[in-house]
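Take a look at the structure set out below.
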Amino acid sequence: MQSLYSNGFENIYDEMYQTFINYKDEFEFYSKIINQYCKKNVLEIGCGSGHLAKRFINSTIDYNGMDLSNDMVLLSQKRNPTGTFFKGDMTNFYLNKTFDSIIITARTTSYLLNNILVQKAIKNIHSHLNENGIFCFDFIDANRFFPFIKEGKTITHKAETKNKKYSRISFMKPKITKENFMFQWDAKYYEIKDQNHVLLTDDQSEVRAFTINEWQLFLELNNFKVLEIIDRKSYAFDTYVIVAQKQ
Ligand SMILES: C[S@@+](CC[C@H](N)C(=O)[O-])C[C@H]1O[C@@H](n2cnc3c(N)ncnc32)[C@H](O)[C@@H]1O
């Protein structure tokens, strides 16, 4: 798992990503889809530090959140004392209840590193959905993103909160020797204090991008019907959102 999701670093994620991700827009986008298909409740997989949770909990849609990182679950629960959160791995979970809709946002599907994990996640999601339930998720589009990082790309993202300034310097490059569309993502996280960059953590991850066709086939083979494919660029990546229905 990325080092930024636990052991105290979840607080840095929390601060930085609030400036990268517009959670108000995220909520409007995903709640519109859930309402459009007349679904009354949602499970968010990879709920992170609970910003989308906060908005769902204040809405008419009943919300449950799940994350692999116990520290993220604790942070979500602290932010949302009335919310329901579970620690769980999307590739292997059992919650003893089912949902009208399940969402995975912020390209958390990039951690489904091989096809066995993709299969396991889709099967778990299928079994946790009610009849005609909706599965909605985003993914990094390899077709558009890989040509952009083909030769290796260094990208700096700055984040400024009330009291702190951060900088993340990422180096991304496709790993074309792998069987899937993997890329190397090396990121150095700094706090900027008096013009000096103080290294907070150095994260080296291998993550996965997908093509639309891959997801169409995974979903079809696991008894989902693709209803919509939405082009939705995110702060750093070419991203699609898929809406699929349990058959
Ligand atoms: C990019 S963050 C997104 C968090 C949140 N959705 C947001 O918008 O801020 C990815 C999250 O997915 C979680 N995660 C990674 N692998 C997971 C897995 N196998 N099952 C459940 N959660 C996972 C991480 O702990 C992290 O909180």
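Letters A, B, ... go to the chains of the structure tokens in the order shown; residues in each chain start at 1; ligands are counted from 1 in the same order.
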Quiz item: Hey, which residues come within 6 Å of ligand 1 if we count only C-alpha atoms and all ligand atoms? Could you give them as a PyMOL selection string?
Solution: chain A and resi 5+45-48+67-69+72+88-91+105-106+108+111
Could you write those residues out with C-alpha atoms, as a short mmCIF file (atom, residue, chain, number, x, y, z; two decimals), in the first residue's frame?
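Wrote it out as result-v9.cif, contents follow:
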```
data_model
loop_
_atom_site.label_atom_id
_atom_site.label_comp_id
_atom_site.auth_asym_id
_atom_site.auth_seq_id
_atom_site.Cartn_x
_atom_site.Cartn_y
_atom_site.Cartn_z
CA TYR A 5 -2.40 5.94 3.63
CA ILE A 45 -14.84 1.44 -1.25
CA GLY A 46 -11.55 3.23 -0.53
CA CYS A 47 -13.30 5.96 1.46
CA GLY A 48 -9.97 7.50 2.48
CA ASP A 67 -11.02 1.21 3.44
CA LEU A 68 -8.04 -1.12 3.56
CA SER A 69 -6.16 1.23 5.87
CA MET A 72 -8.00 5.93 7.16
CA GLY A 88 -11.85 -4.09 4.45
CA ASP A 89 -10.00 -5.06 1.31
CA MET A 90 -11.99 -4.64 -1.91
CA THR A 91 -10.51 -7.90 -3.22
CA THR A 105 -13.57 6.96 -6.64
CA ALA A 106 -10.26 8.83 -6.97
CA THR A 108 -8.51 3.59 -6.30
CA TYR A 111 -4.43 -0.78 -6.87
#
```
Exercise. Name all residues at most 8 Å from Thr201 (chain A) (count only C-alpha atoms; drop same-chain ones fewer than 5 positions away) and give them as a list in words.
Key: Ser3, Leu4, Lys188, Tyr189 and Tyr190 of chain A
Restrict the selected residues to N, CA and C atoms and save them as a CSV table (one decimal), in the first residue's frame.
```
chain,number,residue,atom,x,y,z
A,3,SER,N,2.6,4.5,1.0
A,3,SER,CA,2.9,4.9,2.4
A,3,SER,C,2.1,6.1,2.9
A,4,LEU,N,1.4,6.8,2.1
A,4,LEU,CA,0.6,8.0,2.5
A,4,LEU,C,-0.7,7.6,3.1
A,188,LYS,N,7.8,12.1,-4.1
A,188,LYS,CA,8.5,12.7,-2.9
A,188,LYS,C,7.5,13.8,-2.4
A,189,TYR,N,7.2,13.6,-1.1
A,189,TYR,CA,6.3,14.6,-0.5
A,189,TYR,C,7.1,15.5,0.4
A,190,TYR,N,6.9,16.8,0.2
A,190,TYR,CA,7.7,17.8,1.0
A,190,TYR,C,6.7,18.7,1.7
```
Exercise. Would you list the contacts of Gly50 (chain A) as a PyMOL selection string, taking every protein, DNA or RNA residue within 10 Å and counting only C-alpha atoms, but skipping same-chain residues closer than 6 positions in sequence?
Key: chain A and resi 14+23+44+56+65-67+72-80+83+85
Would you save the residues from that selection as a CSV table (one decimal), in the first residue's frame, using all heavy atoms?
```
chain,number,residue,atom,x,y,z
A,14,ASP,N,-4.7,13.6,3.8
A,14,ASP,CA,-5.9,14.3,4.1
A,14,ASP,C,-5.8,15.8,3.8
A,14,ASP,O,-6.6,16.4,3.1
A,14,ASP,CB,-6.3,14.1,5.6
A,14,ASP,CG,-7.6,14.8,5.9
A,14,ASP,OD1,-8.6,14.6,5.2
A,14,ASP,OD2,-7.6,15.6,6.9
A,23,TYR,N,-14.1,17.8,-3.5
A,23,TYR,CA,-15.1,16.8,-3.0
A,23,TYR,C,-16.5,17.3,-3.2
A,23,TYR,O,-17.4,16.4,-3.2
A,23,TYR,CB,-14.8,16.5,-1.5
A,23,TYR,CG,-13.5,15.7,-1.4
A,23,TYR,CD1,-12.3,16.3,-0.9
A,23,TYR,CD2,-13.4,14.4,-1.7
A,23,TYR,CE1,-11.1,15.6,-0.8
A,23,TYR,CE2,-12.3,13.6,-1.5
A,23,TYR,CZ,-11.1,14.3,-1.1
A,23,TYR,OH,-10.0,13.5,-1.0
A,44,GLU,N,-19.1,3.1,-0.2
A,44,GLU,CA,-17.9,3.7,-0.9
A,44,GLU,C,-16.7,2.8,-0.5
A,44,GLU,O,-16.3,2.7,0.7
A,44,GLU,CB,-17.7,5.1,-0.4
A,44,GLU,CG,-16.5,5.7,-1.2
A,44,GLU,CD,-15.9,7.1,-0.7
A,44,GLU,OE1,-16.4,7.5,0.4
A,44,GLU,OE2,-15.0,7.6,-1.4
A,56,PHE,N,-22.2,12.7,1.8
A,56,PHE,CA,-23.3,11.6,1.7
A,56,PHE,C,-24.1,11.6,3.0
A,56,PHE,O,-25.3,11.4,3.0
A,56,PHE,CB,-22.7,10.3,1.3
A,56,PHE,CG,-22.5,10.1,-0.2
A,56,PHE,CD1,-21.3,10.0,-0.7
A,56,PHE,CD2,-23.6,9.9,-1.0
A,56,PHE,CE1,-21.1,9.8,-2.1
A,56,PHE,CE2,-23.5,9.7,-2.3
A,56,PHE,CZ,-22.2,9.6,-2.9
A,65,GLY,N,-18.9,3.3,4.5
A,65,GLY,CA,-17.6,3.5,3.9
A,65,GLY,C,-16.7,2.3,4.3
A,65,GLY,O,-16.8,1.8,5.4
A,66,MET,N,-15.7,2.0,3.4
A,66,MET,CA,-14.8,0.9,3.7
A,66,MET,C,-13.4,1.3,3.2
A,66,MET,O,-13.3,1.9,2.1
A,66,MET,CB,-15.3,-0.4,3.0
A,66,MET,CG,-14.5,-1.6,3.4
A,66,MET,SD,-15.1,-3.1,2.5
A,66,MET,CE,-14.1,-3.0,1.0
A,67,ASP,N,-12.4,0.9,3.9
A,67,ASP,CA,-11.0,1.2,3.4
A,67,ASP,C,-10.1,0.1,4.0
A,67,ASP,O,-10.3,-0.4,5.0
A,67,ASP,CB,-10.5,2.6,3.9
A,67,ASP,CG,-9.4,3.2,3.1
A,67,ASP,OD1,-8.3,2.7,3.2
A,67,ASP,OD2,-9.7,4.0,2.2
A,72,MET,N,-7.0,5.2,7.9
A,72,MET,CA,-8.0,5.9,7.2
A,72,MET,C,-9.4,5.7,7.7
A,72,MET,O,-10.2,6.7,7.8
A,72,MET,CB,-8.0,5.5,5.7
A,72,MET,CG,-6.8,6.0,4.9
A,72,MET,SD,-6.9,7.8,4.8
A,72,MET,CE,-5.7,8.1,3.4
A,73,VAL,N,-9.7,4.5,8.1
A,73,VAL,CA,-11.0,4.2,8.7
A,73,VAL,C,-11.2,5.1,10.0
A,73,VAL,O,-12.2,5.7,10.2
A,73,VAL,CB,-11.2,2.7,9.0
A,73,VAL,CG1,-12.5,2.5,9.9
A,73,VAL,CG2,-11.2,1.9,7.8
A,74,LEU,N,-10.1,5.2,10.8
A,74,LEU,CA,-10.2,5.9,12.1
A,74,LEU,C,-10.4,7.4,11.8
A,74,LEU,O,-11.2,8.1,12.4
A,74,LEU,CB,-8.9,5.7,12.9
A,74,LEU,CG,-8.7,4.3,13.5
A,74,LEU,CD1,-7.4,4.2,14.2
A,74,LEU,CD2,-9.9,3.9,14.4
A,75,LEU,N,-9.7,7.9,10.7
A,75,LEU,CA,-9.8,9.3,10.4
A,75,LEU,C,-11.2,9.6,9.8
A,75,LEU,O,-11.8,10.7,10.2
A,75,LEU,CB,-8.7,9.6,9.3
A,75,LEU,CG,-8.3,11.1,9.0
A,75,LEU,CD1,-8.0,11.8,10.3
A,75,LEU,CD2,-7.1,11.1,8.1
A,76,SER,N,-11.7,8.7,9.0
A,76,SER,CA,-13.1,8.9,8.5
A,76,SER,C,-14.1,9.0,9.7
A,76,SER,O,-15.0,9.8,9.7
A,76,SER,CB,-13.5,7.7,7.6
A,76,SER,OG,-13.0,7.9,6.3
A,77,GLN,N,-13.9,8.0,10.6
A,77,GLN,CA,-14.8,7.9,11.7
A,77,GLN,C,-14.7,9.2,12.6
A,77,GLN,O,-15.7,9.7,13.1
A,77,GLN,CB,-14.5,6.7,12.6
A,77,GLN,CG,-15.6,6.3,13.5
A,77,GLN,CD,-16.8,5.7,12.9
A,77,GLN,OE1,-16.7,4.6,12.4
A,77,GLN,NE2,-17.9,6.4,12.9
A,78,LYS,N,-13.5,9.7,12.8
A,78,LYS,CA,-13.3,10.9,13.6
A,78,LYS,C,-14.0,12.1,12.9
A,78,LYS,O,-14.6,12.9,13.5
A,78,LYS,CB,-11.8,11.2,13.7
A,78,LYS,CG,-11.4,12.2,14.7
A,78,LYS,CD,-9.9,12.3,14.9
A,78,LYS,CE,-9.5,13.6,15.5
A,78,LYS,NZ,-8.1,13.9,15.3
A,79,ARG,N,-13.8,12.2,11.6
A,79,ARG,CA,-14.5,13.3,10.8
A,79,ARG,C,-16.0,13.2,10.8
A,79,ARG,O,-16.7,14.2,10.8
A,79,ARG,CB,-13.9,13.3,9.4
A,79,ARG,CG,-14.6,14.3,8.5
A,79,ARG,CD,-13.8,14.7,7.3
A,79,ARG,NE,-12.7,15.5,7.6
A,79,ARG,CZ,-11.4,15.3,7.4
A,79,ARG,NH1,-11.0,14.2,6.8
A,79,ARG,NH2,-10.4,16.2,7.7
A,80,ASN,N,-16.5,11.9,10.9
A,80,ASN,CA,-17.9,11.6,10.7
A,80,ASN,C,-18.4,10.7,11.9
A,80,ASN,O,-18.6,9.5,11.6
A,80,ASN,CB,-18.2,11.0,9.4
A,80,ASN,CG,-17.7,11.8,8.2
A,80,ASN,OD1,-18.3,12.8,7.9
A,80,ASN,ND2,-16.6,11.3,7.6
A,83,GLY,N,-21.1,8.3,11.2
A,83,GLY,CA,-21.0,7.5,10.0
A,83,GLY,C,-20.6,6.0,10.3
A,83,GLY,O,-20.2,5.7,11.4
A,85,PHE,N,-18.3,3.0,9.2
A,85,PHE,CA,-17.1,2.7,8.4
A,85,PHE,C,-16.6,1.3,8.8
A,85,PHE,O,-16.7,0.9,9.9
A,85,PHE,CB,-16.0,3.7,8.7
A,85,PHE,CG,-16.4,5.1,8.3
A,85,PHE,CD1,-17.0,6.0,9.2
A,85,PHE,CD2,-16.3,5.5,6.9
A,85,PHE,CE1,-17.4,7.2,8.8
A,85,PHE,CE2,-16.7,6.8,6.6
A,85,PHE,CZ,-17.3,7.6,7.5
```
Exercise. Would you please extract all strand (DSSP E or B) residues from region 6-244 of chain A, as assigned by DSSP on the backbone, and give them as number ranges by chain?
Key: A: 41-45, 62-67, 84-87, 89, 92, 99-104, 129-141, 153-160, 165-174, 182-193, 196-208, 210, 224-231, 239-244
Practice problem: Would you work out the distance separating CA of Thr109 (chain A) from CA of Pro81 (chain A), expressed in Å to one decimal? | Solution: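 Going from CA of Thr109 (chain A) over to CA of Pro81 (chain A) covers 27.0 Å.
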Exercise. Rank nothing, just name the residue among A:Ala236, A:Ile192, A:Leu221, A:Ile34 nearest to Lys153 (chain A), using only C-alpha atoms.
Key: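 For Lys153 (chain A), the nearest of the candidates is A:Ala236.
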Self-check item: Among the residues A:Phe139, A:Phe86, A:Tyr13, A:Tyr166, the one that comes closest to Phe210 (chain A) [using only C-alpha atoms]
Solution: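 So, comparing all the options, the nearest one is A:Phe139.
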Skip His128 (chain A) itself and residues of its chain fewer than 6 positions away, then list as a tab-separated table (two decimals) with all heavy atoms, in the first residue's frame all residues within 10 Å of it, counting only C-alpha atoms.
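Result file is out_37.tsv:
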```
chain	number	residue	atom	x	y	z
A	43	LEU	N	-22.28	2.05	-0.74
A	43	LEU	CA	-21.03	1.66	-0.08
A	43	LEU	C	-19.91	2.31	-0.87
A	43	LEU	O	-19.80	2.08	-2.08
A	43	LEU	CB	-20.86	0.13	-0.09
A	43	LEU	CG	-19.47	-0.37	0.33
A	43	LEU	CD1	-19.21	-0.11	1.83
A	43	LEU	CD2	-19.32	-1.87	0.04
A	93	PHE	N	-13.72	-9.16	0.85
A	93	PHE	CA	-14.49	-8.63	1.98
A	93	PHE	C	-15.86	-9.29	2.08
A	93	PHE	O	-16.40	-9.79	1.11
A	93	PHE	CB	-14.62	-7.10	1.91
A	93	PHE	CG	-15.46	-6.55	0.77
A	93	PHE	CD1	-16.78	-6.17	0.98
A	93	PHE	CD2	-14.93	-6.39	-0.50
A	93	PHE	CE1	-17.56	-5.65	-0.05
A	93	PHE	CE2	-15.69	-5.87	-1.54
A	93	PHE	CZ	-17.00	-5.50	-1.31
A	94	TYR	N	-16.35	-9.29	3.32
A	94	TYR	CA	-17.72	-9.78	3.56
A	94	TYR	C	-18.33	-8.89	4.65
A	94	TYR	O	-17.84	-8.85	5.76
A	94	TYR	CB	-17.72	-11.25	4.00
A	94	TYR	CG	-19.13	-11.71	4.31
A	94	TYR	CD1	-20.05	-11.86	3.27
A	94	TYR	CD2	-19.53	-11.94	5.61
A	94	TYR	CE1	-21.36	-12.22	3.54
A	94	TYR	CE2	-20.84	-12.32	5.88
A	94	TYR	CZ	-21.74	-12.45	4.84
A	94	TYR	OH	-23.03	-12.80	5.10
A	95	LEU	N	-19.41	-8.18	4.32
A	95	LEU	CA	-19.97	-7.20	5.26
A	95	LEU	C	-21.31	-7.61	5.86
A	95	LEU	O	-21.89	-6.87	6.63
A	95	LEU	CB	-20.12	-5.83	4.56
A	95	LEU	CG	-18.82	-5.17	4.11
A	95	LEU	CD1	-19.11	-3.83	3.43
A	95	LEU	CD2	-17.87	-4.95	5.27
A	96	ASN	N	-21.84	-8.74	5.46
A	96	ASN	CA	-23.10	-9.22	6.02
A	96	ASN	C	-24.27	-8.26	5.73
A	96	ASN	O	-25.23	-8.22	6.47
A	96	ASN	CB	-22.96	-9.42	7.54
A	96	ASN	CG	-24.01	-10.37	8.06
A	96	ASN	OD1	-24.58	-11.15	7.30
A	96	ASN	ND2	-24.30	-10.29	9.35
A	97	LYS	N	-24.12	-7.41	4.72
A	97	LYS	CA	-25.26	-6.64	4.21
A	97	LYS	C	-25.00	-6.30	2.75
A	97	LYS	O	-23.85	-6.35	2.28
A	97	LYS	CB	-25.57	-5.40	5.04
A	97	LYS	CG	-24.47	-4.42	5.29
A	97	LYS	CD	-25.11	-3.24	6.05
A	97	LYS	CE	-24.10	-2.40	6.76
A	97	LYS	NZ	-24.65	-1.20	7.38
A	98	THR	N	-26.08	-5.95	2.06
A	98	THR	CA	-25.95	-5.62	0.64
A	98	THR	C	-26.43	-4.19	0.40
A	98	THR	O	-27.10	-3.60	1.25
A	98	THR	CB	-26.76	-6.61	-0.23
A	98	THR	OG1	-28.12	-6.62	0.24
A	98	THR	CG2	-26.18	-8.00	-0.17
A	99	PHE	N	-26.07	-3.66	-0.76
A	99	PHE	CA	-26.27	-2.23	-1.03
A	99	PHE	C	-26.93	-2.02	-2.39
A	99	PHE	O	-26.81	-2.85	-3.29
A	99	PHE	CB	-24.90	-1.52	-1.01
A	99	PHE	CG	-24.16	-1.72	0.27
A	99	PHE	CD1	-23.29	-2.82	0.43
A	99	PHE	CD2	-24.36	-0.88	1.35
A	99	PHE	CE1	-22.63	-3.03	1.63
A	99	PHE	CE2	-23.69	-1.08	2.55
A	99	PHE	CZ	-22.83	-2.16	2.69
A	100	ASP	N	-27.57	-0.84	-2.53
A	100	ASP	CA	-28.17	-0.48	-3.83
A	100	ASP	C	-27.09	-0.04	-4.82
A	100	ASP	O	-27.25	-0.17	-6.03
A	100	ASP	CB	-29.14	0.71	-3.67
A	100	ASP	CG	-30.37	0.33	-2.88
A	100	ASP	OD1	-30.62	-0.87	-2.69
A	100	ASP	OD2	-31.10	1.26	-2.46
A	101	SER	N	-26.02	0.56	-4.26
A	101	SER	CA	-24.94	1.03	-5.14
A	101	SER	C	-23.60	0.93	-4.42
A	101	SER	O	-23.54	1.00	-3.18
A	101	SER	CB	-25.21	2.47	-5.59
A	101	SER	OG	-25.18	3.35	-4.50
A	102	ILE	N	-22.55	0.73	-5.21
A	102	ILE	CA	-21.17	0.69	-4.68
A	102	ILE	C	-20.32	1.60	-5.56
A	102	ILE	O	-20.41	1.52	-6.80
A	102	ILE	CB	-20.61	-0.75	-4.66
A	102	ILE	CG1	-21.43	-1.63	-3.70
A	102	ILE	CG2	-19.13	-0.75	-4.27
A	102	ILE	CD1	-20.99	-3.07	-3.58
A	122	ILE	N	-14.43	-7.54	-8.42
A	122	ILE	CA	-15.75	-7.48	-9.10
A	122	ILE	C	-16.69	-8.52	-8.51
A	122	ILE	O	-17.88	-8.24	-8.30
A	122	ILE	CB	-15.61	-7.67	-10.63
A	122	ILE	CG1	-14.73	-6.58	-11.23
A	122	ILE	CG2	-16.99	-7.64	-11.30
A	122	ILE	CD1	-14.53	-6.69	-12.73
```
Distance query Ile103 (chain A) at most 6 Å, only C-alpha atoms, self and fewer than 5 positions along chain excluded, as a PDB file with all heavy atoms, in the first residue's frame:
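The result, written out as out32.pdb:
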```
ATOM      1  N   GLU A  44     -19.083   3.116  -0.185  1.00  0.00           N
ATOM      2  CA  GLU A  44     -17.904   3.673  -0.850  1.00  0.00           C
ATOM      3  C   GLU A  44     -16.696   2.831  -0.476  1.00  0.00           C
ATOM      4  O   GLU A  44     -16.329   2.739   0.696  1.00  0.00           O
ATOM      5  CB  GLU A  44     -17.658   5.133  -0.444  1.00  0.00           C
ATOM      6  CG  GLU A  44     -16.472   5.718  -1.192  1.00  0.00           C
ATOM      7  CD  GLU A  44     -15.937   7.053  -0.695  1.00  0.00           C
ATOM      8  OE1 GLU A  44     -16.393   7.530   0.375  1.00  0.00           O
ATOM      9  OE2 GLU A  44     -15.043   7.597  -1.353  1.00  0.00           O
ATOM     10  N   PHE A 135     -22.854  -0.355  -9.871  1.00  0.00           N
ATOM     11  CA  PHE A 135     -21.434  -0.267  -9.529  1.00  0.00           C
ATOM     12  C   PHE A 135     -20.844   0.872 -10.374  1.00  0.00           C
ATOM     13  O   PHE A 135     -20.919   0.837 -11.606  1.00  0.00           O
ATOM     14  CB  PHE A 135     -20.756  -1.615  -9.854  1.00  0.00           C
ATOM     15  CG  PHE A 135     -19.256  -1.625  -9.717  1.00  0.00           C
ATOM     16  CD1 PHE A 135     -18.596  -0.876  -8.748  1.00  0.00           C
ATOM     17  CD2 PHE A 135     -18.482  -2.436 -10.565  1.00  0.00           C
ATOM     18  CE1 PHE A 135     -17.209  -0.896  -8.628  1.00  0.00           C
ATOM     19  CE2 PHE A 135     -17.091  -2.478 -10.451  1.00  0.00           C
ATOM     20  CZ  PHE A 135     -16.464  -1.707  -9.490  1.00  0.00           C
ATOM     21  N   CYS A 136     -20.287   1.861  -9.701  1.00  0.00           N
ATOM     22  CA  CYS A 136     -19.793   3.052 -10.391  1.00  0.00           C
ATOM     23  C   CYS A 136     -18.365   3.330  -9.916  1.00  0.00           C
ATOM     24  O   CYS A 136     -18.129   3.426  -8.709  1.00  0.00           O
ATOM     25  CB  CYS A 136     -20.737   4.207 -10.039  1.00  0.00           C
ATOM     26  SG  CYS A 136     -20.316   5.732 -10.835  1.00  0.00           S
ATOM     27  N   PHE A 137     -17.441   3.462 -10.842  1.00  0.00           N
ATOM     28  CA  PHE A 137     -16.029   3.613 -10.448  1.00  0.00           C
ATOM     29  C   PHE A 137     -15.260   4.356 -11.527  1.00  0.00           C
ATOM     30  O   PHE A 137     -15.709   4.430 -12.683  1.00  0.00           O
ATOM     31  CB  PHE A 137     -15.398   2.220 -10.233  1.00  0.00           C
ATOM     32  CG  PHE A 137     -15.372   1.386 -11.485  1.00  0.00           C
ATOM     33  CD1 PHE A 137     -14.251   1.345 -12.294  1.00  0.00           C
ATOM     34  CD2 PHE A 137     -16.500   0.666 -11.864  1.00  0.00           C
ATOM     35  CE1 PHE A 137     -14.238   0.583 -13.460  1.00  0.00           C
ATOM     36  CE2 PHE A 137     -16.498  -0.094 -13.035  1.00  0.00           C
ATOM     37  CZ  PHE A 137     -15.372  -0.132 -13.827  1.00  0.00           C
TER      38      PHE A 137
END
```
Quiz item: Of the candidates A:Leu200, A:Ile61, A:Leu112, A:Cys38, which one gets nearest to Asn11 (chain A) if we count only C-alpha atoms?
Solution: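 Comparing A:Leu200, A:Ile61, A:Leu112, A:Cys38 against Asn11 (chain A), the winner is A:Leu200.
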Exercise. Identify which of the residues A:Ser234, A:Gln195, A:Ser110, A:Gln247 lies closest to Phe183 (chain A), counting only C-alpha atoms when measuring atom-to-atom distances.
Key: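 Among A:Ser234, A:Gln195, A:Ser110, A:Gln247, it is A:Ser110 that comes nearest to Phe183 (chain A).
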Practice problem: Output as a ChimeraX atom specification all residues of region 15-226 of chain A that backbone DSSP marks as alpha helix (DSSP H). | Solution: /A:15-20,23-36,51-57,70-79,115-127,142-149,212-221
Exercise. Counting only C-alpha atoms, figure out which residue out of A:Lys246, A:Arg107, A:Lys87, A:Lys164 gets nearest to Thr19 (chain A).
Key: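 Answer, going by the shortest atom-to-atom distance: A:Lys164.
Using only C-alpha atoms, the nearest neighbour of Val198 (chain A) within the list A:Arg168, A:Lys54, A:Lys150, A:Lys225 is A:Arg168.
Separating CA of Phe218 (chain A) from CA of Ile125 (chain A) is a distance of 12.7 Å.
Put simply, CA of Ser6 (chain A) is 16.9 Å away from CA of Leu199 (chain A).
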Quiz item: So which residues touch Arg208 (chain A) within 6 Å, counting only C-alpha atoms, skipping near sequence neighbours fewer than 5 positions away, as a PyMOL selection string?
Solution: chain A and resi 110+113+181-182
